[in-house]
Amino acid sequence: MKTYDVVVLGGGPGGYVAAIRSAQLGQKTALVEREQIGGTCLNTGCIPTKTLVKNAEIIRQAKNSDYRGIHIKELIIDLEQTIAMKNQVVGQLRQGVEGLLAANGVTVFHAAAKVLDQSSLRLDQDGEIIRFKNLIIATGSRPAAIPVPGAADYAQTSTQMLELDQIPQRVVIIGGGVIGCEFAHVLQSFGSQVTILEAMPRIISSADEELSLALEQSMKSAGITIKTGCMVKEIRAAGEEKEVLVQMDGQGRNFRGDQVMISIGRTPNTDSVAGLGLEMKGDYIKVDQCTRTSLPHIYAIGDVTGIRPLAHTASHMGKAAAETIAGMDSKYDDSIVPSCIFTSPELAFAGMTEAEARKQYQDINVGRFPLIASGKALAMGEPEGIFKVICDGADGKLLGVHLLGANATEVIGEAAAFLKMGAGLKDLEETIHAHPTIAEALQEAALDAGGRCIHMPPKERQ
């Protein structure tokens with residue numbers, strides 16, 4: 001029977017980072033993965049969707065290239081080649097992670113596993129039992145099911161939609177969160193008529209309301225139908241199509257499509273560790289800031305904890321778990337976590353929304369800079385969007401940054417660094433930004449918060 005200092009259950013972005021870091025710190029480490037190394041993010045989430053997002057961007061630019069003097073007579077989308085390219089990217093990255101695990105001496109078991117007790121687990125593949133001194137649970141999550149008649153028979157998950165063999169003429173997407181909006185953008189660019197049905201009053205409800213509504217308007221202008229306040233009651237067949245029955249505004253409505261996709265969130269994978277009797281927080285495993293569970297030698301990271309279910313959060317937690325096991329003083333800090341939505345325009349944010357800041361602080365200043373006033377955005381042909389900075393009116397401390405526009409998902413990294421450091425408005429104002437860049441708009445928004453914006457007309461002092 002093999003015994004390891006650390007066994008990591010799950011090989012996603014949290015699990016493989018935890019395993020590599022444990023091995024770096026001299027721990028005898030094993031990783032158990034029942035499917036493919038890389039988890040949802042690499043195989044059926046972040047990476048494959050971003051390859052399709054890039055294709056959508058190319059299509060959009062090609063369709064709007066006439067004004068630049070570039071005339072494309074015919075645009076042909078080869079979906080088979082698109083899917084093959086997506087799979088090639090995923091495969092290359094997966095091989096890279098597998099190589100890193102091997103190079104660091106991590107033993108990898110490709111098998112499902114069930115935890116037997118507080119010191120051992122059994123591999124389903126051959127019944128082998130593995131003992132551990134410390135266990136890191138990184139089993140991730142799966143697409144949440146919607147409890148309505150017909151959902152299992154007539155709707156697809158985002159994972160299934162990644163393998164379509166033809167572009168659907170009409171698609172109904174249930175859920176206007178990150179996944180739903182990104183797929184809507186891709187499918188609309190590929191030529192589908194897309195309808196989003198969202199239960200909340202607005203899409204991307206975790207985002208700042210001003211920018212969320214601006215993105216919603218942009219998507220509608222692009223031809224995407226968005227219906228909010230919808231409660232899905234049933235999904236059923238309607239001839240060659242599928243039909244979604246909803247309740248909205250006190251009335252019944254129905255929406256049809258060749259495909260129906262469900263993207264209403266995700267459910268944690270905790271079945272394999274259910275026998276441990278860990279303290280839970282709802283459906284999620286409760287952990288402290290070192291990622292310890294209620295059993296001091298068992299840790300949990302990523303989606304199973306319900307803490308900011310993002311790949312980069314899971315990786316950060318994985319590092320903290322490995323270092324804590326090795327005796328280091330390491331904690332995860334999720335006070336500033338950037339969120340990115342790869343729509344057109346892109347949406348990214350970190351820190352407090354305007355509503356949250358107004359609730360917590362007596363006085364705040366808000367700065368805005370529209371990208372139509374950005375030289376780089378105009379040169380790129382992408383002037384849509386606005387950058388927004390929120391700070392404490394008393395001392396100028398940065399509280400939140402919200403970006404809608406080209407390259408927002410790249411610029412948010414700089415903003416998150418300023419927020420994490422506890423920087424003030426003046427720190428951002430006085431940092432020289434290269435010209436011409438989209439990042440200049442962040443500096444201009446900061447200047448606007450202080451009433452000193454250079455490239456916008458003066459605004460009234462309040």
# chains A, B, ... in the order shown; residues from 1 in each chain; ligands from 1

$ select_by_dssp --residues "segment 12-240 of chain A" --states "alpha helix (DSSP H)" --output "PyMOL selection string"
chain A and resi 13-24+39-44+46-63+79-103+151-154+158-161+178-190+209-221

$ closest_atom_pairs --of "segment 185-286 of chain A" --to "segment 158-179 of chain A" --cutoff "12 Å" --atoms "only C-alpha atoms" --output "Markdown table"
| residue | atom | partner | partner_atom | distance |
| --- | --- | --- | --- | --- |
| A:His185 | CA | A:Ile179 | CA | 10.0 |
| A:Val186 | CA | A:Ile167 | CA | 10.7 |
| A:Leu187 | CA | A:Ile167 | CA | 7.7 |
| A:Gln188 | CA | A:Val171 | CA | 9.1 |
| A:Ser189 | CA | A:Ile167 | CA | 10.6 |
| A:Phe190 | CA | A:Ile167 | CA | 7.1 |
| A:Gly191 | CA | A:Gln169 | CA | 7.2 |
| A:Ser192 | CA | A:Gln169 | CA | 4.8 |
| A:Gln193 | CA | A:Arg170 | CA | 4.6 |
| A:Val194 | CA | A:Val171 | CA | 5.0 |
| A:Thr195 | CA | A:Val172 | CA | 4.8 |
| A:Ile196 | CA | A:Ile173 | CA | 4.8 |
| A:Leu197 | CA | A:Ile174 | CA | 4.9 |
| A:Glu198 | CA | A:Gly175 | CA | 4.9 |
| A:Ala199 | CA | A:Gly175 | CA | 7.2 |
| A:Met200 | CA | A:Gly176 | CA | 8.4 |
| A:Pro201 | CA | A:Gly176 | CA | 10.1 |
| A:Arg202 | CA | A:Gly176 | CA | 7.9 |
| A:Ile203 | CA | A:Gly176 | CA | 4.9 |
| A:Ile204 | CA | A:Gly177 | CA | 4.8 |
| A:Ser205 | CA | A:Gly177 | CA | 7.3 |
| A:Ser206 | CA | A:Gly177 | CA | 8.7 |
| A:Ala207 | CA | A:Gly177 | CA | 9.9 |
| A:Ser212 | CA | A:Gly177 | CA | 10.5 |
| A:Leu215 | CA | A:Gly176 | CA | 11.5 |
| A:Glu216 | CA | A:Gly176 | CA | 9.7 |
| A:Met219 | CA | A:Gly176 | CA | 11.4 |
| A:Ile224 | CA | A:Val171 | CA | 10.2 |
| A:Thr225 | CA | A:Val172 | CA | 9.4 |
| A:Ile226 | CA | A:Gly176 | CA | 8.3 |
| A:Lys227 | CA | A:Gly176 | CA | 9.1 |
| A:Thr228 | CA | A:Gly176 | CA | 8.4 |
| A:Gly229 | CA | A:Gly176 | CA | 10.7 |
| A:Cys230 | CA | A:Ile174 | CA | 9.2 |
| A:Met231 | CA | A:Ile174 | CA | 9.6 |
| A:Val232 | CA | A:Ile174 | CA | 8.1 |
| A:Lys233 | CA | A:Ile174 | CA | 11.4 |
| A:Glu234 | CA | A:Ile174 | CA | 11.5 |
| A:Ile235 | CA | A:Ile174 | CA | 10.5 |
| A:Glu240 | CA | A:Arg170 | CA | 11.6 |
| A:Glu241 | CA | A:Arg170 | CA | 9.0 |
| A:Lys242 | CA | A:Val172 | CA | 8.8 |
| A:Glu243 | CA | A:Val172 | CA | 8.7 |
| A:Val244 | CA | A:Val172 | CA | 7.9 |
| A:Leu245 | CA | A:Ile174 | CA | 11.0 |
| A:Val246 | CA | A:Ile174 | CA | 10.3 |
| A:Asn254 | CA | A:Val172 | CA | 10.5 |
| A:Phe255 | CA | A:Val172 | CA | 7.2 |
| A:Arg256 | CA | A:Val172 | CA | 6.8 |
| A:Gly257 | CA | A:Arg170 | CA | 4.6 |
| A:Asp258 | CA | A:Arg170 | CA | 5.3 |
| A:Gln259 | CA | A:Val171 | CA | 5.0 |
| A:Val260 | CA | A:Val172 | CA | 4.8 |
| A:Met261 | CA | A:Ile173 | CA | 4.8 |
| A:Ile262 | CA | A:Ile174 | CA | 4.9 |
| A:Ser263 | CA | A:Gly175 | CA | 5.0 |
| A:Ile264 | CA | A:Gly175 | CA | 4.9 |
| A:Gly265 | CA | A:Gly177 | CA | 7.9 |
| A:Arg266 | CA | A:Ile179 | CA | 10.6 |

$ atom_distance --atom1 "atom CA of Ser374 of chain A" --atom2 "atom CA of Ala441 of chain A"
6.6 Å

$ atom_distance --atom1 "atom CA of Gly26 of chain A" --atom2 "atom CA of Leu295 of chain A"
22.8 Å

$ atom_distance --atom1 "atom CA of Gly413 of chain A" --atom2 "atom CA of Thr82 of chain A"
29.2 Å

$ residues_around --residues "Thr51 of chain A" --least-positions-apart "2" --cutoff "12 Å" --atoms "only C-alpha atoms" --output "PDB file with N, CA and C atoms, in the first residue's frame"
ATOM      1  N   LEU A  42      -9.574  23.985 -18.357  1.00  0.00           N
ATOM      2  CA  LEU A  42      -8.739  23.732 -19.521  1.00  0.00           C
ATOM      3  C   LEU A  42      -9.481  22.945 -20.597  1.00  0.00           C
ATOM      4  N   ASN A  43     -10.302  21.985 -20.200  1.00  0.00           N
ATOM      5  CA  ASN A  43     -10.878  21.048 -21.162  1.00  0.00           C
ATOM      6  C   ASN A  43     -12.243  21.446 -21.710  1.00  0.00           C
ATOM      7  N   THR A  44     -13.094  22.008 -20.870  1.00  0.00           N
ATOM      8  CA  THR A  44     -14.457  22.315 -21.332  1.00  0.00           C
ATOM      9  C   THR A  44     -14.941  23.686 -20.884  1.00  0.00           C
ATOM     10  N   GLY A  45     -14.024  24.538 -20.431  1.00  0.00           N
ATOM     11  CA  GLY A  45     -14.434  25.849 -19.926  1.00  0.00           C
ATOM     12  C   GLY A  45     -13.618  26.982 -20.488  1.00  0.00           C
ATOM     13  N   CYS A  46     -12.774  27.562 -19.632  1.00  0.00           N
ATOM     14  CA  CYS A  46     -12.052  28.797 -19.967  1.00  0.00           C
ATOM     15  C   CYS A  46     -11.332  28.743 -21.305  1.00  0.00           C
ATOM     16  N   ILE A  47     -10.507  27.724 -21.516  1.00  0.00           N
ATOM     17  CA  ILE A  47      -9.643  27.690 -22.692  1.00  0.00           C
ATOM     18  C   ILE A  47     -10.412  27.419 -23.983  1.00  0.00           C
ATOM     19  N   PRO A  48     -11.221  26.360 -24.073  1.00  0.00           N
ATOM     20  CA  PRO A  48     -11.944  26.146 -25.330  1.00  0.00           C
ATOM     21  C   PRO A  48     -12.894  27.283 -25.687  1.00  0.00           C
ATOM     22  N   THR A  49     -13.548  27.867 -24.688  1.00  0.00           N
ATOM     23  CA  THR A  49     -14.451  28.973 -25.019  1.00  0.00           C
ATOM     24  C   THR A  49     -13.683  30.183 -25.526  1.00  0.00           C
ATOM     25  N   VAL A  53     -14.174  32.431 -28.743  1.00  0.00           N
ATOM     26  CA  VAL A  53     -14.328  33.885 -28.625  1.00  0.00           C
ATOM     27  C   VAL A  53     -13.411  34.595 -29.615  1.00  0.00           C
ATOM     28  N   LYS A  54     -12.189  34.093 -29.772  1.00  0.00           N
ATOM     29  CA  LYS A  54     -11.264  34.694 -30.731  1.00  0.00           C
ATOM     30  C   LYS A  54     -11.787  34.546 -32.153  1.00  0.00           C
ATOM     31  N   ASN A  55     -12.330  33.371 -32.485  1.00  0.00           N
ATOM     32  CA  ASN A  55     -12.934  33.195 -33.806  1.00  0.00           C
ATOM     33  C   ASN A  55     -14.074  34.180 -34.019  1.00  0.00           C
ATOM     34  N   ALA A  56     -14.891  34.366 -32.982  1.00  0.00           N
ATOM     35  CA  ALA A  56     -16.006  35.312 -33.078  1.00  0.00           C
ATOM     36  C   ALA A  56     -15.496  36.724 -33.322  1.00  0.00           C
ATOM     37  N   GLU A  57     -14.388  37.078 -32.673  1.00  0.00           N
ATOM     38  CA  GLU A  57     -13.793  38.402 -32.870  1.00  0.00           C
ATOM     39  C   GLU A  57     -13.326  38.584 -34.313  1.00  0.00           C
ATOM     40  N   ILE A  58     -12.686  37.549 -34.866  1.00  0.00           N
ATOM     41  CA  ILE A  58     -12.216  37.624 -36.254  1.00  0.00           C
ATOM     42  C   ILE A  58     -13.393  37.771 -37.208  1.00  0.00           C
ATOM     43  N   THR A  82     -12.877  24.628 -36.988  1.00  0.00           N
ATOM     44  CA  THR A  82     -12.924  25.433 -35.762  1.00  0.00           C
ATOM     45  C   THR A  82     -12.832  24.548 -34.524  1.00  0.00           C
ATOM     46  N   ILE A  83     -13.629  23.473 -34.505  1.00  0.00           N
ATOM     47  CA  ILE A  83     -13.617  22.559 -33.364  1.00  0.00           C
ATOM     48  C   ILE A  83     -12.272  21.837 -33.265  1.00  0.00           C
ATOM     49  N   ALA A  84     -11.699  21.476 -34.415  1.00  0.00           N
ATOM     50  CA  ALA A  84     -10.394  20.810 -34.414  1.00  0.00           C
ATOM     51  C   ALA A  84      -9.315  21.729 -33.852  1.00  0.00           C
ATOM     52  N   MET A  85      -9.360  23.008 -34.228  1.00  0.00           N
ATOM     53  CA  MET A  85      -8.392  23.974 -33.716  1.00  0.00           C
ATOM     54  C   MET A  85      -8.551  24.137 -32.210  1.00  0.00           C
ATOM     55  N   LYS A  86      -9.794  24.216 -31.761  1.00  0.00           N
ATOM     56  CA  LYS A  86     -10.068  24.328 -30.325  1.00  0.00           C
ATOM     57  C   LYS A  86      -9.503  23.127 -29.576  1.00  0.00           C
ATOM     58  N   ASN A  87      -9.718  21.943 -30.112  1.00  0.00           N
ATOM     59  CA  ASN A  87      -9.221  20.729 -29.466  1.00  0.00           C
ATOM     60  C   ASN A  87      -7.694  20.664 -29.466  1.00  0.00           C
ATOM     61  N   GLN A  88      -7.076  21.193 -30.533  1.00  0.00           N
ATOM     62  CA  GLN A  88      -5.612  21.197 -30.602  1.00  0.00           C
ATOM     63  C   GLN A  88      -5.022  22.085 -29.508  1.00  0.00           C
ATOM     64  N   VAL A  89      -5.633  23.254 -29.302  1.00  0.00           N
ATOM     65  CA  VAL A  89      -5.169  24.169 -28.255  1.00  0.00           C
ATOM     66  C   VAL A  89      -5.303  23.511 -26.883  1.00  0.00           C
ATOM     67  N   VAL A  90      -6.456  22.904 -26.646  1.00  0.00           N
ATOM     68  CA  VAL A  90      -6.692  22.239 -25.361  1.00  0.00           C
ATOM     69  C   VAL A  90      -5.685  21.112 -25.146  1.00  0.00           C
ATOM     70  N   LEU A 162     -20.004  22.790 -26.818  1.00  0.00           N
ATOM     71  CA  LEU A 162     -18.659  22.954 -27.379  1.00  0.00           C
ATOM     72  C   LEU A 162     -18.365  21.966 -28.498  1.00  0.00           C
ATOM     73  N   GLU A 182     -21.149  34.730 -22.764  1.00  0.00           N
ATOM     74  CA  GLU A 182     -20.034  34.426 -23.664  1.00  0.00           C
ATOM     75  C   GLU A 182     -20.489  33.535 -24.816  1.00  0.00           C
ATOM     76  N   PHE A 183     -21.285  32.516 -24.523  1.00  0.00           N
ATOM     77  CA  PHE A 183     -21.797  31.660 -25.586  1.00  0.00           C
ATOM     78  C   PHE A 183     -22.724  32.431 -26.519  1.00  0.00           C
ATOM     79  N   VAL A 186     -20.533  34.319 -28.946  1.00  0.00           N
ATOM     80  CA  VAL A 186     -19.915  33.433 -29.940  1.00  0.00           C
ATOM     81  C   VAL A 186     -20.936  32.972 -30.969  1.00  0.00           C
ATOM     82  N   PHE A 342     -15.733  37.530 -21.382  1.00  0.00           N
ATOM     83  CA  PHE A 342     -15.172  37.706 -22.719  1.00  0.00           C
ATOM     84  C   PHE A 342     -16.278  37.846 -23.756  1.00  0.00           C
TER      85      PHE A 342
END

$ residues_around --residues "Cys41 of chain A" --least-positions-apart "6" --cutoff "8 Å" --atoms "only C-alpha atoms" --output "VMD selection string"
chain A and resid 12 to 13 47 311

$ select_by_dssp --residues "segment 300-446 of chain A" --states "strand (DSSP E or B)" --output "compact mmCIF listing (two decimals) with N, CA and C atoms, in the first residue's frame"
# COMPACT_ATOMS: atom_id res chain seq x y z
N ALA A 300 -9.56 21.80 1.39
CA ALA A 300 -10.44 21.88 0.22
C ALA A 300 -10.20 23.21 -0.48
N SER A 339 -12.64 39.66 -12.07
CA SER A 339 -13.59 38.85 -12.83
C SER A 339 -13.58 39.32 -14.28
N CYS A 340 -13.62 38.39 -15.21
CA CYS A 340 -13.54 38.72 -16.63
C CYS A 340 -14.66 38.04 -17.41
N ILE A 341 -15.32 38.78 -18.27
CA ILE A 341 -16.35 38.24 -19.15
C ILE A 341 -15.93 38.57 -20.57
N LEU A 347 -16.02 42.74 -20.49
CA LEU A 347 -16.36 43.31 -19.19
C LEU A 347 -15.43 42.71 -18.15
N ALA A 348 -14.84 43.56 -17.32
CA ALA A 348 -13.94 43.08 -16.26
C ALA A 348 -14.07 43.99 -15.06
N PHE A 349 -13.93 43.42 -13.87
CA PHE A 349 -14.07 44.24 -12.67
C PHE A 349 -13.36 43.62 -11.48
N ALA A 350 -13.04 44.47 -10.52
CA ALA A 350 -12.42 44.04 -9.26
C ALA A 350 -12.78 45.05 -8.19
N GLY A 351 -12.92 44.58 -6.96
CA GLY A 351 -13.27 45.47 -5.87
C GLY A 351 -14.77 45.74 -5.79
N ILE A 364 -18.21 58.94 -1.62
CA ILE A 364 -17.34 58.33 -2.62
C ILE A 364 -17.26 59.23 -3.85
N ASN A 365 -16.20 59.07 -4.59
CA ASN A 365 -16.06 59.73 -5.88
C ASN A 365 -16.03 58.67 -6.97
N VAL A 366 -16.68 58.96 -8.07
CA VAL A 366 -16.74 58.03 -9.20
C VAL A 366 -16.22 58.72 -10.44
N GLY A 367 -15.25 58.11 -11.09
CA GLY A 367 -14.71 58.65 -12.33
C GLY A 367 -15.05 57.74 -13.49
N ARG A 368 -15.34 58.35 -14.63
CA ARG A 368 -15.69 57.58 -15.83
C ARG A 368 -14.92 58.12 -17.03
N PHE A 369 -14.55 57.23 -17.93
CA PHE A 369 -13.92 57.67 -19.17
C PHE A 369 -14.44 56.79 -20.31
N PRO A 370 -15.14 57.39 -21.27
CA PRO A 370 -15.67 56.61 -22.40
C PRO A 370 -14.57 56.29 -23.40
N ILE A 386 -16.89 51.91 -21.51
CA ILE A 386 -16.58 52.94 -20.52
C ILE A 386 -15.74 52.31 -19.40
N PHE A 387 -14.75 53.04 -18.93
CA PHE A 387 -13.94 52.61 -17.79
C PHE A 387 -14.36 53.44 -16.58
N LYS A 388 -14.49 52.78 -15.44
CA LYS A 388 -15.06 53.40 -14.25
C LYS A 388 -14.20 53.10 -13.02
N VAL A 389 -13.89 54.15 -12.27
CA VAL A 389 -13.07 54.03 -11.07
C VAL A 389 -13.85 54.60 -9.88
N ILE A 390 -13.86 53.87 -8.77
CA ILE A 390 -14.56 54.30 -7.56
C ILE A 390 -13.55 54.45 -6.43
N CYS A 391 -13.62 55.57 -5.72
CA CYS A 391 -12.68 55.78 -4.61
C CYS A 391 -13.40 56.41 -3.42
N ASP A 392 -12.77 56.30 -2.26
CA ASP A 392 -13.26 56.92 -1.03
C ASP A 392 -13.11 58.43 -1.17
N LYS A 397 -8.74 56.57 -1.39
CA LYS A 397 -8.39 55.16 -1.53
C LYS A 397 -9.25 54.50 -2.61
N LEU A 398 -8.60 53.74 -3.48
CA LEU A 398 -9.33 53.04 -4.54
C LEU A 398 -10.19 51.94 -3.93
N LEU A 399 -11.45 51.88 -4.36
CA LEU A 399 -12.39 50.90 -3.83
C LEU A 399 -12.83 49.88 -4.87
N GLY A 400 -12.93 50.30 -6.11
CA GLY A 400 -13.39 49.40 -7.16
C GLY A 400 -13.07 49.93 -8.53
N VAL A 401 -12.83 49.01 -9.46
CA VAL A 401 -12.58 49.37 -10.86
C VAL A 401 -13.44 48.48 -11.74
N HIS A 402 -14.13 49.10 -12.69
CA HIS A 402 -15.07 48.38 -13.56
C HIS A 402 -14.84 48.83 -14.99
N LEU A 403 -14.54 47.87 -15.85
CA LEU A 403 -14.12 48.18 -17.21
C LEU A 403 -15.02 47.48 -18.22
N LEU A 404 -15.54 48.25 -19.15
CA LEU A 404 -16.31 47.70 -20.27
C LEU A 404 -15.68 48.22 -21.55
N GLY A 424 -4.08 54.64 -3.60
CA GLY A 424 -5.03 55.74 -3.69
C GLY A 424 -5.16 56.25 -5.11

$ closest_residue --among "A:Asp427, A:Ile372, A:Ile438, A:Glu210" --to "Glu410 of chain A" --atoms "only C-alpha atoms"
A:Ile438

$ closest_residue --among "A:Glu444, A:Lys50, A:Gly15, A:Ile454" --to "Leu101 of chain A" --atoms "only C-alpha atoms"
A:Gly15

$ closest_residue --among "A:Pro143, A:Gly302, A:Gly250, A:Gly451" --to "Lys426 of chain A" --atoms "only C-alpha atoms"
A:Gly451

$ closest_atom_pairs --of "segment 6-47 of chain A" --to "segment 131-136 of chain A" --cutoff "6 Å" --atoms "only C-alpha atoms" --output "JSON lines"
{"residue": "A:Val6", "atom": "CA", "partner": "A:Asn134", "partner_atom": "CA", "distance": 4.8}
{"residue": "A:Val7", "atom": "CA", "partner": "A:Leu135", "partner_atom": "CA", "distance": 5.0}
{"residue": "A:Val8", "atom": "CA", "partner": "A:Ile136", "partner_atom": "CA", "distance": 4.7}

$ closest_atom_pairs --of "segment 296-315 of chain A" --to "segment 327-335 of chain A" --cutoff "9 Å" --atoms "only C-alpha atoms" --output "CSV"
residue,atom,partner,partner_atom,distance
A:Ile307,CA,A:Asp334,CA,8.3
A:Arg308,CA,A:Asp334,CA,7.7
A:Thr313,CA,A:Asp334,CA,7.4

$ write_last_selection --atoms "C-alpha atoms" --output "short mmCIF file (atom, residue, chain, number, x, y, z; two decimals), in the first residue's frame"
data_model
loop_
_atom_site.label_atom_id
_atom_site.label_comp_id
_atom_site.auth_asym_id
_atom_site.auth_seq_id
_atom_site.Cartn_x
_atom_site.Cartn_y
_atom_site.Cartn_z
CA ILE A 307 -15.48 30.73 -2.62
CA ARG A 308 -15.27 32.79 -5.81
CA THR A 313 -9.07 31.62 -7.19
#

$ closest_residue --among "A:Ala102, A:Ile412, A:Ala222, A:Ala237" --to "Ala155 of chain A" --atoms "only C-alpha atoms"
A:Ala237
